[in-house]
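Everything below belongs to protein-v2.pdb, which stores PDB, C-alpha atoms.
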ATOM      1  CA  MET Y   1      54.649   3.116  39.840
ATOM      2  CA  LYS Y   2      50.915   2.688  40.586
ATOM      3  CA  LYS Y   3      50.392   6.442  40.132
ATOM      4  CA  LEU Y   4      52.208   6.391  36.797
ATOM      5  CA  ALA Y   5      50.094   3.446  35.576
ATOM      6  CA  LEU Y   6      46.920   5.205  36.758
ATOM      7  CA  VAL Y   7      47.862   8.459  35.024
ATOM      8  CA  LEU Y   8      48.785   6.579  31.848
ATOM      9  CA  SER Y   9      45.463   4.700  31.914
ATOM     10  CA  LEU Y  10      43.565   7.956  32.444
ATOM     11  CA  VAL Y  11      45.365   9.643  29.534
ATOM     12  CA  LEU Y  12      44.624   6.693  27.239
ATOM     13  CA  MET Y  13      40.980   6.643  28.303
ATOM     14  CA  LEU Y  14      40.590  10.383  27.640
ATOM     15  CA  THR Y  15      42.301   9.988  24.269
ATOM     16  CA  PHE Y  16      39.829   7.301  23.187
ATOM     17  CA  VAL Y  17      36.852   9.236  24.528
ATOM     18  CA  GLY Y  18      38.052  12.396  22.799
ATOM     19  CA  CYS Y  19      38.420  10.562  19.483
ATOM     20  CA  SER Y  20      34.986   9.008  19.503
ATOM     21  CA  SER Y  21      32.255  10.897  17.707
ATOM     22  CA  LYS Y  22      28.794  11.212  19.123
ATOM     23  CA  THR Y  23      25.963   9.997  16.910
ATOM     24  CA  THR Y  24      22.920  12.239  16.804
ATOM     25  CA  VAL Y  25      19.652  10.290  16.714
ATOM     26  CA  LYS Y  26      16.231  11.897  16.341
ATOM     27  CA  GLU Y  27      13.032   9.867  16.118
ATOM     28  CA  THR Y  28       9.303  10.386  15.853
ATOM     29  CA  ASP Y  29       6.539   7.969  14.937
ATOM     30  CA  ALA Y  30       9.124   5.174  14.286
ATOM     31  CA  PHE Y  31      10.780   7.278  11.581
ATOM     32  CA  ARG Y  32      14.260   8.337  12.544
ATOM     33  CA  PHE Y  33      17.350  10.246  11.620
ATOM     34  CA  ASP Y  34      20.760   8.968  12.664
ATOM     35  CA  SER Y  35      23.708  11.222  11.806
ATOM     36  CA  LYS Y  36      25.695   8.189  10.642
ATOM     37  CA  THR Y  37      23.086   6.338   8.563
ATOM     38  CA  GLY Y  38      20.551   9.059   7.717
ATOM     39  CA  TYR Y  39      16.771   8.682   7.520
ATOM     40  CA  ALA Y  40      15.175   5.256   8.016
ATOM     41  CA  TYR Y  41      12.260   3.385   9.530
ATOM     42  CA  SER Y  42      13.473   2.543  13.043
ATOM     43  CA  THR Y  43      13.044  -1.248  12.854
ATOM     44  CA  ALA Y  44      13.795  -1.634   9.137
ATOM     45  CA  PRO Y  45      17.197  -0.285   8.089
ATOM     46  CA  PHE Y  46      18.069  -0.147   4.402
ATOM     47  CA  GLY Y  47      19.731  -3.284   3.077
ATOM     48  CA  ILE Y  48      17.531  -5.852   4.844
ATOM     49  CA  ASP Y  49      15.682  -8.525   2.869
ATOM     50  CA  THR Y  50      11.931  -9.255   2.653
ATOM     51  CA  THR Y  51      11.947 -11.743   5.537
ATOM     52  CA  GLU Y  52      13.635  -9.220   7.825
ATOM     53  CA  LEU Y  53      11.150  -6.499   6.813
ATOM     54  CA  GLU Y  54       8.203  -8.827   7.486
ATOM     55  CA  SER Y  55       9.578  -9.383  10.986
ATOM     56  CA  ALA Y  56      10.178  -5.655  11.498
ATOM     57  CA  ILE Y  57       6.646  -4.575  10.577
ATOM     58  CA  GLY Y  58       4.757  -7.666  11.794
ATOM     59  CA  SER Y  59       3.139  -8.526   8.479
ATOM     60  CA  LYS Y  60       3.744 -10.808   5.517
ATOM     61  CA  LEU Y  61       4.649  -9.103   2.241
ATOM     62  CA  THR Y  62       3.197  -9.816  -1.185
ATOM     63  CA  MET Y  63       5.070  -8.958  -4.365
ATOM     64  CA  VAL Y  64       2.856  -6.642  -6.400
ATOM     65  CA  SER Y  65       5.113  -5.633  -9.299
ATOM     66  CA  GLU Y  66       8.538  -5.445 -10.816
ATOM     67  CA  SER Y  67      10.003  -2.291 -12.277
ATOM     68  CA  PRO Y  68       8.722  -1.337 -15.710
ATOM     69  CA  ALA Y  69      11.191  -1.169 -18.594
ATOM     70  CA  THR Y  70      11.093   2.635 -18.374
ATOM     71  CA  ALA Y  71      12.185   2.720 -14.712
ATOM     72  CA  PRO Y  72      15.572   4.317 -14.021
ATOM     73  CA  PHE Y  73      16.761   1.160 -12.203
ATOM     74  CA  ALA Y  74      15.528  -2.358 -11.428
ATOM     75  CA  TYR Y  75      13.402  -2.981  -8.340
ATOM     76  CA  THR Y  76      10.642  -5.200  -6.974
ATOM     77  CA  ASN Y  77       7.653  -3.708  -5.180
ATOM     78  CA  TYR Y  78       6.010  -5.408  -2.169
ATOM     79  CA  LEU Y  79       2.929  -4.550  -0.104
ATOM     80  CA  SER Y  80       2.139  -5.654   3.445
ATOM     81  CA  GLU Y  81      -0.795  -8.051   3.608
ATOM     82  CA  ASP Y  82      -2.052  -6.785   6.969
ATOM     83  CA  ILE Y  83      -3.071  -3.413   8.334
ATOM     84  CA  VAL Y  84      -0.210  -2.207  10.535
ATOM     85  CA  GLN Y  85      -0.060   0.459  13.236
ATOM     86  CA  SER Y  86       2.492   3.235  12.706
ATOM     87  CA  ALA Y  87       2.710   6.994  13.156
ATOM     88  CA  GLY Y  88      -0.538   6.940  15.146
ATOM     89  CA  CYS Y  89      -2.377   5.564  12.123
ATOM     90  CA  SER Y  90      -3.492   2.248  10.650
ATOM     91  CA  GLY Y  91      -2.239   1.458   7.175
ATOM     92  CA  LYS Y  92      -0.032  -0.657   4.982
ATOM     93  CA  PHE Y  93       3.616  -0.678   4.050
ATOM     94  CA  ASP Y  94       4.816  -0.478   0.479
ATOM     95  CA  ALA Y  95       8.486  -1.445   0.054
ATOM     96  CA  GLN Y  96      10.935  -1.512  -2.817
ATOM     97  CA  PHE Y  97      13.866  -3.907  -3.026
ATOM     98  CA  ASP Y  98      16.789  -3.586  -5.428
ATOM     99  CA  GLU Y  99      18.128  -6.184  -7.871
ATOM    100  CA  ASN Y 100      19.921  -7.881  -4.934
ATOM    101  CA  ASP Y 101      16.649  -8.093  -2.948
ATOM    102  CA  LYS Y 102      17.795  -5.422  -0.466
ATOM    103  CA  LEU Y 103      15.426  -2.757   0.898
ATOM    104  CA  PHE Y 104      16.020   0.772  -0.386
ATOM    105  CA  SER Y 105      12.618   2.413   0.085
ATOM    106  CA  VAL Y 106       9.688   1.922   2.435
ATOM    107  CA  THR Y 107       6.424   3.873   2.615
ATOM    108  CA  PHE Y 108       3.678   3.723   5.222
ATOM    109  CA  HIS Y 109       0.340   4.832   3.789
ATOM    110  CA  GLU Y 110      -3.139   5.182   5.170
ATOM    111  CA  GLN Y 111      -6.428   6.054   3.527
ATOM    112  CA  LEU Y 112      -8.281   8.423   5.796
ATOM    113  CA  ALA Y 113     -11.808   9.714   5.987
ATOM    114  CA  ARG Y 114     -12.351  13.085   4.407
ATOM    115  CA  GLY Y 115     -12.181  15.760   7.099
ATOM    116  CA  THR Y 116      -9.597  13.945   9.221
ATOM    117  CA  ALA Y 117      -6.841  13.375   6.636
ATOM    118  CA  GLU Y 118      -5.686  16.977   6.472
ATOM    119  CA  GLU Y 119      -5.603  17.145  10.279
ATOM    120  CA  HIS Y 120      -3.386  14.029  10.340
ATOM    121  CA  PHE Y 121      -1.063  15.597   7.758
ATOM    122  CA  GLU Y 122      -0.826  18.881   9.665
ATOM    123  CA  ALA Y 123      -0.115  17.084  12.960
ATOM    124  CA  ALA Y 124       2.510  14.831  11.333
ATOM    125  CA  SER Y 125       4.203  17.724   9.516
ATOM    126  CA  LYS Y 126       4.375  19.667  12.790
ATOM    127  CA  ARG Y 127       5.922  16.697  14.677
ATOM    128  CA  PHE Y 128       8.384  15.964  11.891
ATOM    129  CA  THR Y 129       9.433  19.622  11.617
ATOM    130  CA  GLU Y 130       9.885  19.869  15.391
ATOM    131  CA  THR Y 131      11.990  16.689  15.346
ATOM    132  CA  PHE Y 132      13.966  16.960  12.086
ATOM    133  CA  GLY Y 133      13.942  20.718  11.419
ATOM    134  CA  ALA Y 134      12.585  22.540   8.390
ATOM    135  CA  PRO Y 135      12.051  20.340   5.319
ATOM    136  CA  ALA Y 136      14.330  20.881   2.305
ATOM    137  CA  VAL Y 137      11.334  20.574  -0.027
ATOM    138  CA  GLN Y 138       7.834  21.962   0.470
ATOM    139  CA  ASP Y 139       5.545  21.464  -2.495
ATOM    140  CA  ASP Y 140       1.832  22.113  -2.866
ATOM    141  CA  ASN Y 141       0.789  21.387  -6.429
ATOM    142  CA  GLY Y 142      -2.518  23.205  -5.958
ATOM    143  CA  THR Y 143      -4.538  20.186  -7.069
ATOM    144  CA  GLY Y 144      -4.755  18.293  -3.798
ATOM    145  CA  THR Y 145      -1.236  17.012  -3.148
ATOM    146  CA  GLN Y 146       1.159  18.441  -0.574
ATOM    147  CA  TYR Y 147       4.679  17.089  -0.151
ATOM    148  CA  LEU Y 148       7.406  17.722   2.422
ATOM    149  CA  GLU Y 149      10.880  16.193   2.201
ATOM    150  CA  TRP Y 150      13.796  16.126   4.623
ATOM    151  CA  GLN Y 151      17.151  15.244   3.058
ATOM    152  CA  ASP Y 152      20.545  14.049   4.232
ATOM    153  CA  LYS Y 153      22.993  14.258   1.352
ATOM    154  CA  SER Y 154      25.876  12.712   3.330
ATOM    155  CA  SER Y 155      23.977   9.410   3.782
ATOM    156  CA  GLY Y 156      22.030   9.743   0.525
ATOM    157  CA  THR Y 157      18.686   9.317   2.310
ATOM    158  CA  ALA Y 158      15.449  11.268   2.578
ATOM    159  CA  LEU Y 159      12.169  11.289   4.494
ATOM    160  CA  GLY Y 160       8.999  12.281   2.661
ATOM    161  CA  LEU Y 161       5.554  13.189   3.956
ATOM    162  CA  THR Y 162       2.726  13.303   1.404
ATOM    163  CA  TYR Y 163      -0.924  14.275   1.716
ATOM    164  CA  SER Y 164      -3.059  13.553  -1.323
ATOM    165  CA  ASP Y 165      -6.729  14.423  -1.749
ATOM    166  CA  LEU Y 166      -7.686  14.374  -5.407
ATOM    167  CA  GLY Y 167     -11.403  14.266  -4.606
ATOM    168  CA  THR Y 168     -12.005  10.963  -6.385
ATOM    169  CA  THR Y 169     -11.082   8.610  -3.523
ATOM    170  CA  ASP Y 170     -10.487   8.950   0.191
ATOM    171  CA  PRO Y 171      -7.449  11.092   1.003
ATOM    172  CA  THR Y 172      -4.111   9.366   1.592
ATOM    173  CA  LEU Y 173      -1.318  10.140   4.041
ATOM    174  CA  MET Y 174       2.082   8.647   3.158
ATOM    175  CA  ILE Y 175       5.348   8.671   5.105
ATOM    176  CA  SER Y 176       8.376   7.333   3.254
ATOM    177  CA  VAL Y 177      12.088   6.895   3.784
ATOM    178  CA  PHE Y 178      14.281   6.111   0.811
ATOM    179  CA  GLU Y 179      17.773   6.106  -0.579
ATOM    180  CA  LYS Y 180      17.424   9.337  -2.540
ATOM    181  CA  SER Y 181      20.937   9.008  -3.930
ATOM    182  CA  ARG Y 182      19.656   6.200  -6.231
ATOM    183  CA  TYR Y 183      17.215   8.608  -7.845
ATOM    184  CA  VAL Y 184      19.732  11.448  -8.067
ATOM    185  CA  GLU Y 185      22.318   9.161  -9.703
ATOM    186  CA  ALA Y 186      19.666   7.949 -12.184
ATOM    187  CA  GLY Y 187      18.807  11.551 -13.073
ATOM    188  CA  THR Y 188      15.244  11.425 -11.680
ATOM    189  CA  GLY Y 189      15.833  13.408  -8.480
ATOM    190  CA  GLU Y 190      17.894  16.257  -7.092
ATOM    191  CA  TRP Y 191      19.240  17.553  -3.811
ATOM    192  CA  LYS Y 192      17.961  20.871  -2.433
TER     193      LYS Y 192
END
As structure tokens, what does this structure read like?
Amino acid sequence: MKKLALVLSLVLMLTFVGCSSKTTVKETDAFRFDSKTGYAYSTAPFGIDTTELESAIGSKLTMVSESPATAPFAYTNYLSEDIVQSAGCSGKFDAQFDENDKLFSVTFHEQLARGTAEEHFEAASKRFTETFGAPAVQDDNGTGTQYLEWQDKSSGTALGLTYSDLGTTDPTLMISVFEKSRYVEAGTGEWK
């Protein structure tokens, strides 16, 4: 009887283990991809409120604007008050919250000295490509802005890496994660 109970327990255990799916998680510089939830900032998942984001990034947020009437959907834009460390850089967070005050987009951006900004972009794009694979979008507009984007259509999320040097101000490096499906549904974005 003990053997039968042991065999039955083993069969049940193997059944449950066989039915569970393994979640793939890849992360670099606090930006991550989880095969169940898509791209996100590791300590700030989509759907959190402003207080939770302040705790996640270690800085108070200040509301800087609400969506203009021409925006494809309503949102409120916040900026971190303090300089924060992320992705090996020092910068600020810019975050957008939907009409229910839930996070749907967060961007880390840093102004860099000319001469070092492009090196930061190249190093970040190499790390992100090694971690997340080839980007779905690679765009160089020829006027000082380069953009890479990794997409996960099943979760509706994306990760963007932008380098901008327009020659009028110090160059900027931006790393963003956002619910791309919002933009696609509004007709202002597309999947590649």
Listed atoms of region 104-119 of chain Y, axis-aligned box, 6 Å per side: centre and edge lengths to one decimal in Å, as AutoDock Vina command-line options?
--center_x 1.8 --center_y 9.0 --center_z 4.9 --size_x 40.4 --size_y 28.4 --size_z 22.7
Resolved residues for the PyMOL selection byres ((chain Y and resi 124) around 12) as a PyMOL selection string: chain Y and resi 28-29+31+86-89+117-123+125-132+147-148+160-163+173-175
Matched chain/residue IDs from the PyMOL selection byres ((chain Y and resi 152) around 12), as a PyMOL selection string: chain Y and resi 32-40+132-133+135-136+149-151+153-160+177-181+190-192
Could you please take those selected residues and save C-alpha atoms as a compact mmCIF listing (two decimals), keeping the file's coordinate frame?
# COMPACT_ATOMS: atom_id res chain seq x y z
CA ARG Y 32 14.26 8.34 12.54
CA PHE Y 33 17.35 10.25 11.62
CA ASP Y 34 20.76 8.97 12.66
CA SER Y 35 23.71 11.22 11.81
CA LYS Y 36 25.70 8.19 10.64
CA THR Y 37 23.09 6.34 8.56
CA GLY Y 38 20.55 9.06 7.72
CA TYR Y 39 16.77 8.68 7.52
CA ALA Y 40 15.18 5.26 8.02
CA PHE Y 132 13.97 16.96 12.09
CA GLY Y 133 13.94 20.72 11.42
CA PRO Y 135 12.05 20.34 5.32
CA ALA Y 136 14.33 20.88 2.31
CA GLU Y 149 10.88 16.19 2.20
CA TRP Y 150 13.80 16.13 4.62
CA GLN Y 151 17.15 15.24 3.06
CA LYS Y 153 22.99 14.26 1.35
CA SER Y 154 25.88 12.71 3.33
CA SER Y 155 23.98 9.41 3.78
CA GLY Y 156 22.03 9.74 0.52
CA THR Y 157 18.69 9.32 2.31
CA ALA Y 158 15.45 11.27 2.58
CA LEU Y 159 12.17 11.29 4.49
CA GLY Y 160 9.00 12.28 2.66
CA VAL Y 177 12.09 6.90 3.78
CA PHE Y 178 14.28 6.11 0.81
CA GLU Y 179 17.77 6.11 -0.58
CA LYS Y 180 17.42 9.34 -2.54
CA SER Y 181 20.94 9.01 -3.93
CA GLU Y 190 17.89 16.26 -7.09
CA TRP Y 191 19.24 17.55 -3.81
CA LYS Y 192 17.96 20.87 -2.43
Nearest-residue call for Gly47 (chain Y), choices Y:Gln111, Y:Val184, Y:Asp98, Y:Val137, using only C-alpha atoms: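 Nearest candidate to Gly47 (chain Y) out of Y:Gln111, Y:Val184, Y:Asp98, Y:Val137: Y:Asp98.
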Given the PyMOL selection byres ((chain Y and resi 60) around 10), the residues it picks as a PyMOL selection string: chain Y and resi 50-51+53-55+57-59+61-62+78-82
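Picture a line from CA of Glu99 (chain Y) to CA of Asn77 (chain Y); it runs 11.1 Å.
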Closest of Y:Thr168, Y:Thr143, Y:Asn100, Y:Ser176 to Ala30 (chain Y) - atom-to-atom distances counting all atoms listed in the file: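 Under the stated criterion, the closest residue is Y:Ser176.
Distance-wise, CA of Asp140 (chain Y) and CA of Ile83 (chain Y) end up 28.3 Å apart.
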Pairwise distance for CA of Leu112 (chain Y) and CA of Gln138 (chain Y), rounded to one decimal in Å: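 Result for CA of Leu112 (chain Y) versus CA of Gln138 (chain Y): 21.7 Å, one decimal.
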For Gly167 (chain Y), the nearest of the candidates Y:Gly144, Y:Glu66, Y:Gly91, Y:Glu52, counting all atoms listed in the file: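 Nearest to Gly167 (chain Y): Y:Gly144.
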Neighbour list for Phe93 (chain Y) as a PDB file with C-alpha atoms, in the frame of the given file, cut-off 8 Å, all atoms listed in the file, skip fewer than 3 positions in-chain:
ATOM      1  CA  LEU Y  79       2.929  -4.550  -0.104  1.00  0.00           C
ATOM      2  CA  SER Y  80       2.139  -5.654   3.445  1.00  0.00           C
ATOM      3  CA  VAL Y  84      -0.210  -2.207  10.535  1.00  0.00           C
ATOM      4  CA  VAL Y 106       9.688   1.922   2.435  1.00  0.00           C
ATOM      5  CA  THR Y 107       6.424   3.873   2.615  1.00  0.00           C
ATOM      6  CA  PHE Y 108       3.678   3.723   5.222  1.00  0.00           C
ATOM      7  CA  HIS Y 109       0.340   4.832   3.789  1.00  0.00           C
TER       8      HIS Y 109
END
Of the listed residues Y:Met63, Y:Phe104, Y:Ala71, Y:Ala95, that which approaches Gly187 (chain Y) most closely, counting all atoms listed in the file: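 Ranked by minimum distance to Gly187 (chain Y), first place goes to Y:Ala71.
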